[in-house]
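Asks: PDB, C-alpha atoms, file work-v6.pdb:
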ATOM      1  CA  MET A   1      44.797  67.896 131.564
ATOM      2  CA  SER A   2      42.808  70.069 133.998
ATOM      3  CA  GLN A   3      39.007  70.175 133.902
ATOM      4  CA  SER A   4      39.057  73.839 132.832
ATOM      5  CA  LEU A   5      41.367  73.132 129.889
ATOM      6  CA  THR A   6      39.202  70.181 128.868
ATOM      7  CA  TYR A   7      36.124  72.397 128.925
ATOM      8  CA  ILE A   8      37.892  75.075 126.849
ATOM      9  CA  LEU A   9      39.055  72.489 124.285
ATOM     10  CA  PHE A  10      35.635  70.864 123.928
ATOM     11  CA  SER A  11      33.899  74.257 123.854
ATOM     12  CA  THR A  12      36.169  75.388 121.014
ATOM     13  CA  LEU A  13      35.217  72.264 119.066
ATOM     14  CA  ASP A  14      31.584  72.921 120.047
ATOM     15  CA  ALA A  15      31.681  76.395 118.527
ATOM     16  CA  ALA A  16      33.430  75.156 115.379
ATOM     17  CA  VAL A  17      30.799  72.439 114.857
ATOM     18  CA  VAL A  18      27.958  74.930 115.375
ATOM     19  CA  ASN A  19      29.506  77.131 112.675
ATOM     20  CA  ALA A  20      29.843  74.115 110.390
ATOM     21  CA  LEU A  21      26.162  73.249 110.906
ATOM     22  CA  ILE A  22      25.044  76.835 110.310
ATOM     23  CA  LEU A  23      26.991  77.127 107.061
ATOM     24  CA  LYS A  24      26.362  73.645 105.655
ATOM     25  CA  ILE A  25      22.598  73.694 106.323
ATOM     26  CA  TYR A  26      22.474  76.675 103.944
ATOM     27  CA  LYS A  27      25.180  75.513 101.504
ATOM     28  CA  GLN A  28      27.596  78.259 102.502
ATOM     29  CA  PRO A  29      31.396  77.925 102.198
ATOM     30  CA  LEU A  30      33.196  76.760 105.328
ATOM     31  CA  LEU A  31      36.890  76.519 104.488
ATOM     32  CA  ARG A  32      36.875  80.043 103.053
ATOM     33  CA  TYR A  33      36.158  81.354 106.549
ATOM     34  CA  LYS A  34      38.275  78.852 108.521
ATOM     35  CA  TYR A  35      40.558  81.409 110.186
ATOM     36  CA  LYS A  36      37.744  83.837 110.913
ATOM     37  CA  ILE A  37      35.662  81.019 112.370
ATOM     38  CA  LEU A  38      38.602  79.988 114.548
ATOM     39  CA  VAL A  39      38.760  83.538 115.933
ATOM     40  CA  LEU A  40      34.994  83.499 116.526
ATOM     41  CA  SER A  41      35.180  80.096 118.244
ATOM     42  CA  VAL A  42      37.905  81.284 120.623
ATOM     43  CA  ALA A  43      35.934  84.460 121.402
ATOM     44  CA  LEU A  44      32.815  82.410 122.156
ATOM     45  CA  VAL A  45      34.749  80.052 124.421
ATOM     46  CA  ILE A  46      36.289  82.927 126.381
ATOM     47  CA  CYS A  47      32.842  84.501 126.764
ATOM     48  CA  SER A  48      31.290  81.200 127.887
ATOM     49  CA  PHE A  49      34.087  80.437 130.343
ATOM     50  CA  LEU A  50      33.889  83.907 131.918
ATOM     51  CA  MET A  51      30.098  83.746 132.199
ATOM     52  CA  ARG A  52      30.288  80.387 133.984
ATOM     53  CA  THR A  53      33.329  80.918 136.215
ATOM     54  CA  VAL A  54      34.015  84.615 136.833
ATOM     55  CA  ILE A  55      30.656  86.343 136.375
ATOM     56  CA  ASN A  56      28.744  83.225 137.512
ATOM     57  CA  LEU A  57      25.739  83.776 135.243
ATOM     58  CA  PRO A  58      25.659  80.599 133.112
ATOM     59  CA  ALA A  59      22.029  81.155 132.111
ATOM     60  CA  LEU A  60      23.101  84.225 130.104
ATOM     61  CA  ASP A  61      25.688  82.224 128.182
ATOM     62  CA  LEU A  62      23.488  81.230 125.215
ATOM     63  CA  PRO A  63      21.759  84.616 124.617
ATOM     64  CA  LEU A  64      25.116  86.400 124.737
ATOM     65  CA  GLN A  65      26.663  83.885 122.348
ATOM     66  CA  TYR A  66      23.750  84.396 119.951
ATOM     67  CA  ILE A  67      24.397  88.149 119.894
ATOM     68  CA  ILE A  68      28.128  87.592 119.280
ATOM     69  CA  PHE A  69      27.340  85.121 116.489
ATOM     70  CA  VAL A  70      24.962  87.502 114.715
ATOM     71  CA  MET A  71      27.222  90.544 114.969
ATOM     72  CA  PHE A  72      30.233  88.531 113.753
ATOM     73  CA  TYR A  73      28.396  87.122 110.735
ATOM     74  CA  TYR A  74      27.040  90.586 109.950
ATOM     75  CA  SER A  75      30.192  92.670 110.424
ATOM     76  CA  VAL A  76      32.991  90.207 109.571
ATOM     77  CA  LEU A  77      31.488  87.627 107.185
ATOM     78  CA  GLU A  78      29.267  90.340 105.629
ATOM     79  CA  TYR A  79      25.885  88.631 105.777
ATOM     80  CA  ARG A  80      22.765  90.744 105.798
ATOM     81  CA  LEU A  81      21.605  91.163 109.374
ATOM     82  CA  HIS A  82      18.307  89.322 108.923
ATOM     83  CA  TYR A  83      20.072  86.486 107.089
ATOM     84  CA  ALA A  84      22.634  86.223 109.895
ATOM     85  CA  ALA A  85      19.917  86.123 112.565
ATOM     86  CA  PHE A  86      18.001  83.530 110.558
ATOM     87  CA  ILE A  87      20.758  81.014 109.776
ATOM     88  CA  ILE A  88      22.351  81.323 113.224
ATOM     89  CA  GLY A  89      19.011  80.818 114.952
ATOM     90  CA  SER A  90      18.404  77.768 112.774
ATOM     91  CA  GLY A  91      21.860  76.293 113.395
ATOM     92  CA  LEU A  92      21.783  76.947 117.136
ATOM     93  CA  SER A  93      18.293  75.440 117.427
ATOM     94  CA  ALA A  94      19.532  72.334 115.614
ATOM     95  CA  TYR A  95      22.572  72.017 117.877
ATOM     96  CA  ILE A  96      20.601  72.642 121.078
ATOM     97  CA  SER A  97      18.205  69.905 119.962
ATOM     98  CA  ILE A  98      21.162  67.549 119.505
ATOM     99  CA  GLN A  99      22.506  68.447 122.957
ATOM    100  CA  MET A 100      19.137  67.913 124.641
ATOM    101  CA  ILE A 101      18.655  64.526 122.972
ATOM    102  CA  VAL A 102      22.169  63.530 124.081
ATOM    103  CA  TYR A 103      21.434  64.820 127.600
ATOM    104  CA  TYR A 104      18.267  62.718 127.929
ATOM    105  CA  CYS A 105      20.041  59.639 126.584
ATOM    106  CA  LEU A 106      22.811  60.068 129.178
ATOM    107  CA  ALA A 107      20.301  60.907 131.929
ATOM    108  CA  THR A 108      18.414  57.706 131.155
ATOM    109  CA  ILE A 109      21.499  55.616 131.900
ATOM    110  CA  GLY A 110      22.353  57.668 134.981
ATOM    111  CA  ILE A 111      25.335  59.653 133.685
ATOM    112  CA  ALA A 112      23.823  63.175 133.728
ATOM    113  CA  ASP A 113      21.298  65.098 135.828
ATOM    114  CA  LYS A 114      19.719  68.574 135.790
ATOM    115  CA  SER A 115      22.695  70.241 137.458
ATOM    116  CA  VAL A 116      24.841  69.646 134.362
ATOM    117  CA  ILE A 117      23.380  72.666 132.542
ATOM    118  CA  PHE A 118      25.077  75.082 134.954
ATOM    119  CA  ALA A 119      28.351  73.153 135.248
ATOM    120  CA  TYR A 120      31.505  73.488 133.206
ATOM    121  CA  THR A 121      33.566  70.621 134.614
ATOM    122  CA  GLY A 122      33.025  66.940 135.251
ATOM    123  CA  PHE A 123      32.506  63.797 133.208
ATOM    124  CA  PRO A 124      28.782  64.433 132.449
ATOM    125  CA  VAL A 125      29.589  67.844 130.921
ATOM    126  CA  ASN A 126      32.423  66.408 128.840
ATOM    127  CA  ALA A 127      30.304  63.442 127.748
ATOM    128  CA  ILE A 128      27.478  65.692 126.522
ATOM    129  CA  GLN A 129      29.942  67.964 124.736
ATOM    130  CA  LEU A 130      31.824  65.119 123.053
ATOM    131  CA  CYS A 131      28.700  63.252 121.908
ATOM    132  CA  SER A 132      27.104  66.460 120.597
ATOM    133  CA  ILE A 133      30.301  67.389 118.738
ATOM    134  CA  VAL A 134      30.460  63.975 117.055
ATOM    135  CA  VAL A 135      26.782  64.027 116.018
ATOM    136  CA  GLY A 136      26.885  67.660 114.861
ATOM    137  CA  ALA A 137      30.097  67.138 112.876
ATOM    138  CA  ALA A 138      28.660  63.994 111.278
ATOM    139  CA  ILE A 139      25.547  65.895 110.151
ATOM    140  CA  ALA A 140      27.614  68.781 108.745
ATOM    141  CA  LEU A 141      29.891  66.308 106.934
ATOM    142  CA  PHE A 142      26.871  64.461 105.521
ATOM    143  CA  LEU A 143      25.387  67.723 104.210
ATOM    144  CA  TRP A 144      28.704  68.667 102.617
ATOM    145  CA  MET A 145      29.353  65.266 101.007
ATOM    146  CA  THR A 146      25.811  64.861  99.645
ATOM    147  CA  GLY A 147      25.325  68.483  98.595
ATOM    148  CA  ARG A 148      22.129  68.691 100.618
ATOM    149  CA  GLY A 149      20.878  71.835 102.287
ATOM    150  CA  PHE A 150      19.101  75.040 101.335
ATOM    151  CA  SER A 151      20.454  77.307  98.615
ATOM    152  CA  PHE A 152      18.243  80.400  98.567
ATOM    153  CA  ILE A 153      20.792  82.478 100.518
ATOM    154  CA  ILE A 154      23.582  83.696  98.247
ATOM    155  CA  VAL A 155      27.209  83.594  99.363
ATOM    156  CA  PRO A 156      28.347  86.925 100.886
ATOM    157  CA  PRO A 157      29.402  89.699 100.728
ATOM    158  CA  HIS A 158      25.790  90.868 100.699
ATOM    159  CA  ASP A 159      24.484  94.255  99.641
ATOM    160  CA  THR A 160      23.160  95.597 102.956
ATOM    161  CA  PHE A 161      21.693  98.781 101.489
ATOM    162  CA  ARG A 162      19.451  97.729  98.617
ATOM    163  CA  ILE A 163      17.092  95.216 100.205
ATOM    164  CA  LYS A 164      13.556  94.650  98.910
ATOM    165  CA  TYR A 165      11.729  93.483 102.012
ATOM    166  CA  SER A 166       8.577  93.129  99.910
ATOM    167  CA  GLU A 167      10.127  90.063  98.270
ATOM    168  CA  TYR A 168       8.844  86.798  99.701
ATOM    169  CA  SER A 169      12.294  85.362 100.405
ATOM    170  CA  HIS A 170      13.233  88.373 102.538
ATOM    171  CA  ARG A 171       9.909  88.370 104.391
ATOM    172  CA  ILE A 172      10.157  84.732 105.430
ATOM    173  CA  VAL A 173      13.764  85.171 106.549
ATOM    174  CA  VAL A 174      12.855  88.196 108.679
ATOM    175  CA  ILE A 175       9.872  86.397 110.246
ATOM    176  CA  SER A 176      11.786  83.198 110.954
ATOM    177  CA  GLY A 177      14.814  85.150 112.187
ATOM    178  CA  MET A 178      12.631  86.992 114.690
ATOM    179  CA  ILE A 179      11.104  83.710 115.870
ATOM    180  CA  SER A 180      14.575  82.188 116.294
ATOM    181  CA  ALA A 181      15.818  85.225 118.234
ATOM    182  CA  VAL A 182      12.814  85.138 120.577
ATOM    183  CA  THR A 183      13.331  81.393 121.050
ATOM    184  CA  ILE A 184      17.001  81.831 121.973
ATOM    185  CA  PHE A 185      16.153  84.441 124.591
ATOM    186  CA  LEU A 186      13.241  82.366 125.927
ATOM    187  CA  THR A 187      15.750  79.641 126.706
ATOM    188  CA  LEU A 188      17.068  81.927 129.452
ATOM    189  CA  LEU A 189      13.799  81.578 131.384
ATOM    190  CA  ILE A 190      13.528  77.870 130.631
ATOM    191  CA  ILE A 191      17.091  77.173 131.783
ATOM    192  CA  LEU A 192      16.455  79.050 135.022
ATOM    193  CA  SER A 193      13.357  76.904 135.624
ATOM    194  CA  GLN A 194      15.337  73.744 134.683
ATOM    195  CA  ASN A 195      12.472  72.552 132.493
ATOM    196  CA  TYR A 196      14.621  70.691 129.983
ATOM    197  CA  ILE A 197      11.749  68.888 128.278
ATOM    198  CA  LEU A 198      10.250  72.266 127.378
ATOM    199  CA  LEU A 199      13.679  73.436 126.198
ATOM    200  CA  MET A 200      13.989  70.449 123.863
ATOM    201  CA  ILE A 201      10.460  70.959 122.533
ATOM    202  CA  LEU A 202      11.126  74.676 121.992
ATOM    203  CA  SER A 203      14.430  74.109 120.173
ATOM    204  CA  LEU A 204      12.942  71.381 117.968
ATOM    205  CA  SER A 205       9.936  73.590 117.169
ATOM    206  CA  SER A 206      12.185  76.539 116.341
ATOM    207  CA  PHE A 207      14.279  74.412 113.987
ATOM    208  CA  GLY A 208      11.107  72.973 112.453
ATOM    209  CA  ILE A 209       9.816  76.473 111.695
ATOM    210  CA  ALA A 210      13.196  77.477 110.242
ATOM    211  CA  TYR A 211      13.217  74.303 108.127
ATOM    212  CA  TYR A 212       9.726  75.047 106.786
ATOM    213  CA  TYR A 213      10.588  78.621 105.854
ATOM    214  CA  SER A 214      13.912  77.509 104.357
ATOM    215  CA  ASP A 215      12.086  75.007 102.164
ATOM    216  CA  ARG A 216       9.675  77.736 101.086
ATOM    217  CA  GLY A 217      12.633  80.016 100.410
ATOM    218  CA  ASP A 218      14.215  77.431  98.106
ATOM    219  CA  TYR A 219      10.893  76.947  96.299
ATOM    220  CA  GLU A 220      10.356  80.674  95.799
ATOM    221  CA  SER A 221      13.947  81.132  94.646
ATOM    222  CA  VAL A 222      13.527  78.468  91.952
ATOM    223  CA  ARG A 223      10.133  79.866  90.923
ATOM    224  CA  SER A 224      11.582  83.376  90.636
ATOM    225  CA  ASP A 225      14.478  82.141  88.491
ATOM    226  CA  ILE A 226      12.083  80.297  86.169
ATOM    227  CA  GLU A 227       9.888  83.394  85.814
ATOM    228  CA  LYS A 228      12.908  85.560  84.979
ATOM    229  CA  HIS A 229      14.076  83.002  82.409
ATOM    230  CA  CYS A 230      10.629  82.833  80.791
ATOM    231  CA  ASN A 231      10.343  86.622  80.688
ATOM    232  CA  LYS A 232      13.776  86.842  79.070
ATOM    233  CA  ILE A 233      12.748  84.332  76.388
ATOM    234  CA  GLU A 234       9.541  86.282  75.695
ATOM    235  CA  GLU A 235      11.485  89.532  75.349
ATOM    236  CA  GLU A 236      13.923  87.942  72.887
ATOM    237  CA  GLN A 237      11.150  86.589  70.667
ATOM    238  CA  PRO A 238      10.307  88.794  67.646
TER     239      PRO A 238
END
Output the file's structure in the form of structure tokens.
Replies:
Amino acid sequence: MSQSLTYILFSTLDAAVVNALILKIYKQPLLRYKYKILVLSVALVICSFLMRTVINLPALDLPLQYIIFVMFYYSVLEYRLHYAAFIIGSGLSAYISIQMIVYYCLATIGIADKSVIFAYTGFPVNAIQLCSIVVGAAIALFLWMTGRGFSFIIVPPHDTFRIKYSEYSHRIVVISGMISAVTIFLTLLIILSQNYILLMILSLSSFGIAYYYSDRGDYESVRSDIEKHCNKIEEEQP
């Protein structure tokens, strides 16, 4: 198998695992969207391959993929735009963190170096991809089997017209989504400077912020449900 075909195969699995992480972190259905996700994965791989081989701008690969992710989740899977930006930013930050940890582990034993970030062929690239895929898939499978994850985001289709941004859950999603988007685009500058330690710190921090706001979102969702239930009981009492 040629190096290009190997990259395309691993990148397709990459994209599928990222989708699995995004959806399972927030307890969203995965198999329901399997064919749509396959189409998205192929589109992302084609985009990535063209950016790295034809256009020769690999640093723009991640920001462009983020935009494609968000627009696909918004227009095809019917998530609200701020929800799409939020969960995708969270999932991508988690996966980038996995990739950077794998990279430093392989760099420590002499398998990878800084040039790997701009490459699309070679054993170091394939090793990072394969290890990241295995770890990411294992985490997604663990979340699915244990029922863990955050549940404050309802399963789409979402009503994109009647949105109360004054509600706490919407505010935290918008804020965290904006932070995630800025983080993804900051990676462009960091990749160009080849400061991979800063990239790992940034991705871990971004996921940490998303995790905090997700936890708050779950808490507020439960509190709101309890308040509604109590109010209903009070209204039913004579």
Asks: Go through stretch 55-155 of chain A and flag each residue having an atom no more than 7 Å from stretch 177-197 of chain A; for those, report the closest pair of atoms plus their distance in Å to one decimal, using all atoms listed in the file, ordered by chain and rising number, as JSON lines.
Replies:
{"residue": "A:Ala59", "atom": "CA", "partner": "A:Leu188", "partner_atom": "CA", "distance": 5.7}
{"residue": "A:Leu60", "atom": "CA", "partner": "A:Leu188", "partner_atom": "CA", "distance": 6.5}
{"residue": "A:Pro63", "atom": "CA", "partner": "A:Phe185", "partner_atom": "CA", "distance": 5.6}
{"residue": "A:His82", "atom": "CA", "partner": "A:Gly177", "partner_atom": "CA", "distance": 6.3}
{"residue": "A:Ala85", "atom": "CA", "partner": "A:Gly177", "partner_atom": "CA", "distance": 5.2}
{"residue": "A:Phe86", "atom": "CA", "partner": "A:Gly177", "partner_atom": "CA", "distance": 3.9}
{"residue": "A:Gly89", "atom": "CA", "partner": "A:Ser180", "partner_atom": "CA", "distance": 4.8}
{"residue": "A:Ser90", "atom": "CA", "partner": "A:Ser180", "partner_atom": "CA", "distance": 6.8}
{"residue": "A:Lys114", "atom": "CA", "partner": "A:Gln194", "partner_atom": "CA", "distance": 6.9}
Asks: Apply the PyMOL selection byres ((chain A and resi 8) around 12) to the file shown and report the selected residues as a PyMOL selection string.
Replies: chain A and resi 1-7+9-15+41-50+52-53+120-121+125-126+129
Asks: Taking only C-alpha atoms into account, which of A:Gly208, A:Pro58, A:Gly110, A:Gly91 comes nearest A:Ile22?
Replies: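 The shortest atom-to-atom distance to A:Ile22 comes from A:Gly91.
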Asks: Which is closer to A:His158 than all the others in A:Ala119, A:Leu31, A:Leu141, A:Leu77, using only C-alpha atoms?
Replies: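 Residue with the minimum atom-to-atom distance to A:His158: A:Leu77.
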Asks: When you draw a straight line from atom CA of A:Gly149 to atom CA of A:Ser214, how long is it in Å?
Replies: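 Between atom CA of A:Gly149 and atom CA of A:Ser214 the gap works out to 9.2 Å.
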Asks: Quick one: apply the PyMOL selection byres ((chain A and resi 34) around 12) to the file and drop the selected residues here as a ChimeraX atom specification.
Replies: /A:16-17,19-20,23,29-33,35-41,77
Asks: Which of these residues is nearest to A:Ala137, using all atoms listed in the file: A:Ile98, A:Val54, A:Phe150, A:Ile111?
Replies: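 For A:Ala137, the nearest of the given residues is A:Ile98.
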Asks: Of the candidates A:Ile88, A:Met100, A:Ala210, A:Cys131, which one gets nearest to A:Val116 if we count all atoms listed in the file?
Replies: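 Between A:Ile88, A:Met100, A:Ala210, A:Cys131, the residue approaching A:Val116 most closely is A:Met100.
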Asks: Report, in Å with one decimal, the straight-line distance from atom CA of A:Tyr74 to atom CA of A:Tyr26.
Replies: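 About the pair atom CA of A:Tyr74 and atom CA of A:Tyr26: they are 15.8 Å apart.
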